[in-house]
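See below for the structure under consideration.
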Amino acid sequence: MIKDLQAEILRLKKQRDVCILAHSYMSEEICEVADFVGDSYALAVKAKTAEQSSVIMCGVRFMAETVKMLSPQKKVLLANPRAGCPMAEQMDRGVIAEVKKMYPDYAVVAYINTTAELKTIADYCVTSSSALKICRAVPEKNILFIPDINLGTYIAERLPEKNFKLLSGGCPTHAKIEREDVLAARERHPDALLLVHPECRPEVTKLADYVGSTSGIMDFAEKSQGKEFIIGTENSIVQHLQFRCPDKKFYPLSKNLICPNMKLTTLPDVYACLMGDGGEEIVLNEELRVAAVKCIEKMIEYGG
């Protein structure tokens, strides 16, 4: 049974000095055995201060890379080696190097959802919750924002004093949601507030009652006086909120808001990692790691 496997995982992680990180898009049974649950960058920060010598990332590859970048002395395992992020893999360093030649006076701002290699060419890193603050704070007026065109558009519209160049990248899961999906959900649940992620298209975010990161959406729903919510991000968040707020009602904006990469990781995957029979250790060349972490250090400098 699930509870038996969970009990064994809890025993093993303590015995083997392992910290388990679970992104918010993981299933409830994985989140229940994790030491920390949250957004990708917040998890990497938690891993850095955790006392354990090893870390299992229940998420996707770029998240495990970020953990290793901030905690190079720790052993970092990606629970399911096939779990990648299509957005993070859409652009590589060579492509952006060529774009930089076209716009030499533009600072490169990379969303956290990028590979370690791509971060080496970025001037600043941002998260969905810090992007507006960081882009406003950096001294450069001209910004090349990569890779998410939807998040970039959302930020650019709120910073008319800056010049943004955007490329055609983004999260395929969030980007598939259209205005018609919002209208249909509103019709089904006329009293519900609409909470969406800024990786959604502008036509969707413009209709929302709240736009924010995954953690921001969950915090808003928990603290709100409202009783019904349409959730415009990965559908696992609907389930998590149902557990956290049993007195409220939560509805998925669309049945298609499912990330196949996040769904790859299972509770048995976590168990296999602890048994030394699963996962993949993340190894980063030190030169690459040092170059990649600089944009994160700049984010921290400007308040991220």
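Convention: chains lettered A, B, ... in structure tokens order; per-chain residue numbering from 1; ligands numbered from 1 as shown.
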
For stretch 115-230 of chain A against stretch 40-47 of chain A, with a cut-off of 10 Å and counting only C-alpha atoms, what is the closest atom pair and its distance in Å to one decimal for every residue that makes the cut, ordered by chain and number, as CSV?
residue,atom,partner,partner_atom,distance
A:Val126,CA,A:Tyr41,CA,9.3
A:Thr127,CA,A:Tyr41,CA,7.3
A:Ser128,CA,A:Tyr41,CA,9.9
A:Thr214,CA,A:Ser40,CA,10.0
A:Ser215,CA,A:Ala42,CA,9.7

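Residue neighbourhood of A:Cys245, excluding near-sequence residues (fewer than 5 positions): Ala221, Glu222, Lys223, Lys227, Gln239, His240 and Phe250 of chain A, at 10 Å, using only C-alpha atoms.
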
Write out as a count of residues only which residues come within 7 Å of A:Asn80 when counting only C-alpha atoms, dropping same-chain ones fewer than 4 positions away.
4

message: Would you pick out the contacts of stretch 166-175 of chain A at 8 Å or less, using only C-alpha atoms, so that residues sharing its chain but fewer than 4 positions from it are not included, and give the list as a PyMOL selection string?
response: chain A and resi 86-87+90-91+144-150+152-153+197+199-201+233-234+256-259

Would you mind exporting the chosen residues as an mmCIF file, in the first residue's frame, restricted to N, CA and C atoms?
data_model
loop_
_atom_site.group_PDB
_atom_site.id
_atom_site.type_symbol
_atom_site.label_atom_id
_atom_site.label_comp_id
_atom_site.auth_asym_id
_atom_site.auth_seq_id
_atom_site.Cartn_x
_atom_site.Cartn_y
_atom_site.Cartn_z
ATOM 1 N N PRO A 86 10.480 20.821 -21.398
ATOM 2 C CA PRO A 86 10.526 21.260 -22.790
ATOM 3 C C PRO A 86 10.930 22.725 -22.948
ATOM 4 N N MET A 87 10.466 23.583 -22.036
ATOM 5 C CA MET A 87 10.832 24.992 -22.131
ATOM 6 C C MET A 87 12.325 25.181 -21.912
ATOM 7 N N GLN A 90 14.326 24.291 -25.045
ATOM 8 C CA GLN A 90 13.990 24.915 -26.323
ATOM 9 C C GLN A 90 15.131 25.737 -26.914
ATOM 10 N N MET A 91 15.996 26.273 -26.066
ATOM 11 C CA MET A 91 17.077 27.141 -26.526
ATOM 12 C C MET A 91 18.390 26.663 -25.933
ATOM 13 N N LEU A 144 16.832 41.283 -23.014
ATOM 14 C CA LEU A 144 16.510 40.111 -23.829
ATOM 15 C C LEU A 144 16.047 39.037 -22.856
ATOM 16 N N PHE A 145 14.750 38.755 -22.860
ATOM 17 C CA PHE A 145 14.149 37.839 -21.882
ATOM 18 C C PHE A 145 13.981 36.467 -22.508
ATOM 19 N N ILE A 146 14.556 35.436 -21.873
ATOM 20 C CA ILE A 146 14.475 34.077 -22.402
ATOM 21 C C ILE A 146 14.057 33.106 -21.297
ATOM 22 N N PRO A 147 13.412 31.979 -21.631
ATOM 23 C CA PRO A 147 12.903 31.633 -22.960
ATOM 24 C C PRO A 147 11.400 31.870 -23.112
ATOM 25 N N ASP A 148 10.690 32.184 -22.022
ATOM 26 C CA ASP A 148 9.224 32.177 -22.028
ATOM 27 C C ASP A 148 8.643 33.492 -22.541
ATOM 28 N N ILE A 149 8.052 33.460 -23.718
ATOM 29 C CA ILE A 149 7.471 34.664 -24.317
ATOM 30 C C ILE A 149 6.252 35.147 -23.533
ATOM 31 N N ASN A 150 5.527 34.236 -22.910
ATOM 32 C CA ASN A 150 4.329 34.638 -22.166
ATOM 33 C C ASN A 150 4.680 35.333 -20.862
ATOM 34 N N GLY A 152 7.533 36.737 -20.327
ATOM 35 C CA GLY A 152 8.202 37.952 -20.775
ATOM 36 C C GLY A 152 7.218 39.049 -21.152
ATOM 37 N N THR A 153 6.152 38.674 -21.845
ATOM 38 C CA THR A 153 5.122 39.640 -22.229
ATOM 39 C C THR A 153 4.433 40.214 -20.998
ATOM 40 N N HIS A 197 -1.131 31.104 -13.784
ATOM 41 C CA HIS A 197 0.327 31.259 -13.821
ATOM 42 C C HIS A 197 0.697 32.204 -14.972
ATOM 43 N N GLU A 199 2.938 31.973 -17.045
ATOM 44 C CA GLU A 199 3.362 31.254 -18.241
ATOM 45 C C GLU A 199 2.201 31.035 -19.207
ATOM 46 N N CYS A 200 0.977 31.367 -18.775
ATOM 47 C CA CYS A 200 -0.188 31.279 -19.659
ATOM 48 C C CYS A 200 -0.164 32.429 -20.667
ATOM 49 N N ARG A 201 -0.901 32.275 -21.729
ATOM 50 C CA ARG A 201 -0.976 33.297 -22.773
ATOM 51 C C ARG A 201 -1.574 34.598 -22.229
ATOM 52 N N THR A 233 -3.090 26.453 -13.520
ATOM 53 C CA THR A 233 -1.741 25.906 -13.596
ATOM 54 C C THR A 233 -1.852 24.393 -13.508
ATOM 55 N N GLU A 234 -0.742 23.687 -13.434
ATOM 56 C CA GLU A 234 -0.757 22.220 -13.459
ATOM 57 C C GLU A 234 -1.807 21.670 -12.496
ATOM 58 N N ASN A 256 -6.600 19.621 -19.629
ATOM 59 C CA ASN A 256 -5.351 19.463 -20.362
ATOM 60 C C ASN A 256 -4.146 20.073 -19.651
ATOM 61 N N LEU A 257 -4.355 20.675 -18.502
ATOM 62 C CA LEU A 257 -3.244 21.285 -17.778
ATOM 63 C C LEU A 257 -2.478 20.223 -16.983
ATOM 64 N N ILE A 258 -1.840 19.338 -17.711
ATOM 65 C CA ILE A 258 -1.081 18.240 -17.116
ATOM 66 C C ILE A 258 0.312 18.222 -17.728
ATOM 67 N N CYS A 259 1.333 18.292 -16.896
ATOM 68 C CA CYS A 259 2.716 18.241 -17.369
ATOM 69 C C CYS A 259 3.170 16.783 -17.398
#

Using only C-alpha atoms, the shortest atom-to-atom distance to A:Met218 among A:Ile282, A:Asp39, A:Glu157, A:Lys14 belongs to A:Asp39

### Task
Would you please work out which residue, of A:Arg136, A:Ile231, A:Gly303, A:Gly59, is nearest to A:Gly216 when using only C-alpha atoms?
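Of the candidates, the smallest distance to A:Gly216 is held by A:Ile231.
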
Could you build a table of the residues in stretch 254-296 of chain A lying no more than 8 Å from stretch 1-11 of chain A, giving for each the nearest pair of atoms and their separation in Å rounded to one decimal place, using only C-alpha atoms, ordered by chain and ascending residue number, as a Markdown table?
| residue | atom | partner | partner_atom | distance |
| --- | --- | --- | --- | --- |
| A:Leu267 | CA | A:Leu5 | CA | 7.8 |
| A:Pro268 | CA | A:Leu5 | CA | 7.8 |
| A:Val270 | CA | A:Ile9 | CA | 7.6 |
| A:Tyr271 | CA | A:Ile9 | CA | 5.9 |
| A:Leu274 | CA | A:Ile9 | CA | 7.4 |

Pairwise distance, atom CA of A:Phe62 with atom CA of A:Pro202, equals 25.3 Å

Please provide the set of residues having any atom within 12 Å of A:Lys263, restricted to only C-alpha atoms, with same-chain residues fewer than 6 positions apart removed, written as a list in words.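 Using only C-alpha atoms, the neighbours found are His23, Ser24, Tyr25, Met26, Ser27, Glu28, Ile30, Cys58, Gly59, Val60, Ala79, Asn80, Arg82, Ala83, Gly84, Cys85, Glu234, Asn235, Ser236, Leu257 and Asp269 of chain A.
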
Please, could you write that set of residues out with C-alpha atoms as a short mmCIF file (atom, residue, chain, number, x, y, z; two decimals), in the first residue's frame?
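Output file out_9.cif is given in full below:
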data_model
loop_
_atom_site.label_atom_id
_atom_site.label_comp_id
_atom_site.auth_asym_id
_atom_site.auth_seq_id
_atom_site.Cartn_x
_atom_site.Cartn_y
_atom_site.Cartn_z
CA HIS A 23 8.19 20.36 -6.67
CA SER A 24 4.61 21.46 -6.15
CA TYR A 25 3.56 19.63 -9.31
CA MET A 26 4.44 16.26 -7.79
CA SER A 27 1.67 13.93 -6.63
CA GLU A 28 0.33 14.22 -3.10
CA ILE A 30 5.37 12.20 -2.95
CA CYS A 58 11.45 15.03 -7.38
CA GLY A 59 10.99 17.37 -10.30
CA VAL A 60 12.72 17.89 -13.64
CA ALA A 79 14.48 10.86 -9.10
CA ASN A 80 13.46 10.08 -12.69
CA ARG A 82 13.75 11.10 -18.11
CA ALA A 83 11.99 14.03 -16.44
CA GLY A 84 12.98 17.07 -18.47
CA CYS A 85 11.43 20.47 -19.17
CA GLU A 234 -0.76 22.22 -13.46
CA ASN A 235 -3.74 20.25 -12.23
CA SER A 236 -1.87 18.68 -9.31
CA LEU A 257 -3.24 21.29 -17.78
CA ASP A 269 11.17 6.09 -8.08
#

Which residue out of A:Lys206, A:Arg158, A:Arg179, A:Lys119 has the minimum interatomic distance to A:Glu297 when only C-alpha atoms are used?
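Using only C-alpha atoms, A:Glu297 sits closest to A:Lys119.
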
Separating atom CA of A:Lys298 from atom CA of A:Thr66, to the nearest tenth of an Å, is a gap of 14.6 Å

Write out as a compact mmCIF listing (two decimals) with N, CA and C atoms, in the first residue's frame all residues of stretch 27-213 of chain A that DSSP puts in strand (DSSP E or B) for this structure's backbone.
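Below is the file states.txt, written as the result:
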# COMPACT_ATOMS: atom_id res chain seq x y z
N PHE A 36 10.90 19.16 1.88
CA PHE A 36 10.46 20.49 1.43
C PHE A 36 9.66 20.35 0.16
N VAL A 37 8.60 21.14 0.05
CA VAL A 37 7.76 21.18 -1.15
C VAL A 37 7.64 22.64 -1.58
N GLY A 38 7.77 22.90 -2.88
CA GLY A 38 7.64 24.29 -3.33
C GLY A 38 8.06 24.47 -4.76
N SER A 54 23.02 14.38 1.10
CA SER A 54 22.51 13.99 -0.22
C SER A 54 21.10 14.55 -0.42
N VAL A 55 20.76 14.76 -1.68
CA VAL A 55 19.47 15.35 -2.03
C VAL A 55 18.83 14.56 -3.17
N ILE A 56 17.56 14.27 -3.05
CA ILE A 56 16.78 13.70 -4.16
C ILE A 56 15.81 14.77 -4.63
N MET A 57 15.90 15.12 -5.91
CA MET A 57 14.98 16.09 -6.49
C MET A 57 13.86 15.36 -7.21
N CYS A 58 12.64 15.54 -6.71
CA CYS A 58 11.45 15.03 -7.38
C CYS A 58 10.89 16.20 -8.20
N LYS A 75 25.65 15.41 -2.87
CA LYS A 75 25.26 14.47 -3.92
C LYS A 75 23.80 14.76 -4.27
N VAL A 76 23.54 15.03 -5.54
CA VAL A 76 22.20 15.39 -5.99
C VAL A 76 21.71 14.35 -6.99
N LEU A 77 20.55 13.78 -6.72
CA LEU A 77 19.94 12.79 -7.61
C LEU A 77 18.64 13.32 -8.18
N LEU A 78 18.45 13.12 -9.47
CA LEU A 78 17.15 13.38 -10.11
C LEU A 78 16.37 12.08 -10.04
N ALA A 107 20.74 43.28 -21.98
CA ALA A 107 21.09 42.34 -20.92
C ALA A 107 20.24 41.08 -21.08
N VAL A 108 20.85 39.93 -20.91
CA VAL A 108 20.12 38.66 -21.03
C VAL A 108 19.56 38.28 -19.66
N VAL A 109 18.24 38.17 -19.60
CA VAL A 109 17.55 37.75 -18.37
C VAL A 109 16.98 36.37 -18.63
N ALA A 110 17.47 35.40 -17.89
CA ALA A 110 17.04 34.01 -18.08
C ALA A 110 16.09 33.58 -16.98
N TYR A 111 14.97 33.05 -17.37
CA TYR A 111 14.03 32.43 -16.44
C TYR A 111 14.73 31.24 -15.79
N TYR A 124 21.33 37.85 -15.78
CA TYR A 124 20.49 37.74 -14.58
C TYR A 124 19.59 36.53 -14.73
N CYS A 125 19.21 35.97 -13.58
CA CYS A 125 18.22 34.90 -13.54
C CYS A 125 17.00 35.43 -12.80
N VAL A 126 15.82 34.92 -13.16
CA VAL A 126 14.60 35.32 -12.46
C VAL A 126 13.69 34.12 -12.26
N ASN A 142 17.51 47.88 -21.64
CA ASN A 142 17.21 46.91 -22.69
C ASN A 142 17.39 45.49 -22.17
N ILE A 143 16.36 44.66 -22.35
CA ILE A 143 16.36 43.32 -21.79
C ILE A 143 15.97 42.29 -22.85
N LEU A 144 16.83 41.28 -23.01
CA LEU A 144 16.51 40.11 -23.83
C LEU A 144 16.05 39.04 -22.86
N PHE A 145 14.75 38.76 -22.86
CA PHE A 145 14.15 37.84 -21.88
C PHE A 145 13.98 36.47 -22.51
N ILE A 146 14.56 35.44 -21.87
CA ILE A 146 14.47 34.08 -22.40
C ILE A 146 14.06 33.11 -21.30
N ASP A 148 10.69 32.18 -22.02
CA ASP A 148 9.22 32.18 -22.03
C ASP A 148 8.64 33.49 -22.54
N ASN A 163 12.86 48.30 -22.51
CA ASN A 163 12.71 47.73 -23.84
C ASN A 163 12.99 46.23 -23.78
N PHE A 164 12.00 45.44 -24.19
CA PHE A 164 12.13 43.98 -24.13
C PHE A 164 12.23 43.38 -25.52
N LYS A 165 13.12 42.42 -25.67
CA LYS A 165 13.16 41.56 -26.84
C LYS A 165 12.77 40.16 -26.36
N LEU A 166 11.78 39.56 -27.01
CA LEU A 166 11.28 38.26 -26.61
C LEU A 166 11.44 37.26 -27.74
N GLY A 169 9.50 31.11 -27.16
CA GLY A 169 9.62 29.92 -26.33
C GLY A 169 8.56 29.94 -25.26
N LEU A 193 -13.12 32.49 -8.32
CA LEU A 193 -12.03 33.37 -8.72
C LEU A 193 -11.07 32.59 -9.60
N LEU A 194 -10.51 33.26 -10.62
CA LEU A 194 -9.58 32.61 -11.54
C LEU A 194 -8.15 32.98 -11.17
N LEU A 195 -7.35 31.97 -10.85
CA LEU A 195 -5.95 32.15 -10.47
C LEU A 195 -5.08 31.46 -11.51
N VAL A 196 -4.19 32.21 -12.18
CA VAL A 196 -3.41 31.61 -13.26
C VAL A 196 -1.92 31.92 -13.13
N TYR A 210 -6.16 36.75 -10.34
CA TYR A 210 -4.83 36.76 -9.74
C TYR A 210 -3.87 36.05 -10.68
N VAL A 211 -2.68 36.63 -10.87
CA VAL A 211 -1.64 36.03 -11.69
C VAL A 211 -0.39 35.90 -10.82

Close residues, A:Val290 itself excluded, 10 Å, only C-alpha atoms, min 3 positions apart in chain, as an MDAnalysis selection string:
chainID A and resid 69:70 72 116 120 284:287 293:295

Those same residues, written as a JSON list (two decimals), in the first residue's frame with N, CA and C atoms?
[["chain", "number", "residue", "atom", "x", "y", "z"],
["A", 69, "MET", "N", 24.07, 23.44, -8.52],
["A", 69, "MET", "CA", 24.77, 24.72, -8.67],
["A", 69, "MET", "C", 24.94, 25.42, -7.33],
["A", 70, "LEU", "N", 23.91, 25.35, -6.49],
["A", 70, "LEU", "CA", 23.95, 26.05, -5.21],
["A", 70, "LEU", "C", 24.56, 25.19, -4.10],
["A", 72, "PRO", "N", 27.23, 22.47, -4.43],
["A", 72, "PRO", "CA", 28.16, 21.60, -5.16],
["A", 72, "PRO", "C", 28.76, 20.48, -4.33],
["A", 116, "ALA", "N", 21.58, 24.60, -17.07],
["A", 116, "ALA", "CA", 22.78, 25.21, -16.49],
["A", 116, "ALA", "C", 23.64, 25.82, -17.58],
["A", 120, "THR", "N", 24.84, 30.09, -18.32],
["A", 120, "THR", "CA", 26.20, 30.64, -18.40],
["A", 120, "THR", "C", 26.28, 31.87, -19.28],
["A", 284, "LEU", "N", 28.06, 18.37, -12.53],
["A", 284, "LEU", "CA", 28.33, 19.57, -13.32],
["A", 284, "LEU", "C", 29.82, 19.89, -13.30],
["A", 285, "ASN", "N", 30.38, 20.12, -14.47],
["A", 285, "ASN", "CA", 31.75, 20.60, -14.56],
["A", 285, "ASN", "C", 31.87, 21.88, -13.75],
["A", 286, "GLU", "N", 32.91, 21.99, -12.92],
["A", 286, "GLU", "CA", 33.03, 23.13, -12.01],
["A", 286, "GLU", "C", 33.10, 24.46, -12.76],
["A", 287, "GLU", "N", 33.76, 24.49, -13.89],
["A", 287, "GLU", "CA", 33.84, 25.72, -14.67],
["A", 287, "GLU", "C", 32.45, 26.15, -15.14],
["A", 293, "VAL", "N", 26.14, 29.88, -12.12],
["A", 293, "VAL", "CA", 25.57, 30.39, -10.87],
["A", 293, "VAL", "C", 25.67, 31.91, -10.76],
["A", 294, "LYS", "N", 26.49, 32.53, -11.61],
["A", 294, "LYS", "CA", 26.66, 33.98, -11.54],
["A", 294, "LYS", "C", 25.36, 34.73, -11.76],
["A", 295, "CYS", "N", 24.53, 34.26, -12.69],
["A", 295, "CYS", "CA", 23.27, 34.97, -12.96],
["A", 295, "CYS", "C", 22.30, 34.82, -11.78]]

Correct to one decimal, the distance atom CA of A:Ser130-atom CA of A:Met299 is 8.5 Å

| message | Given only C-alpha atoms as the basis, pick out the residue of A:Ile237, A:Ala50, A:Ile96, A:Ile230 nearest to A:Ala122. | response |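 Checking each candidate against A:Ala122, we get A:Ile96 as the closest.
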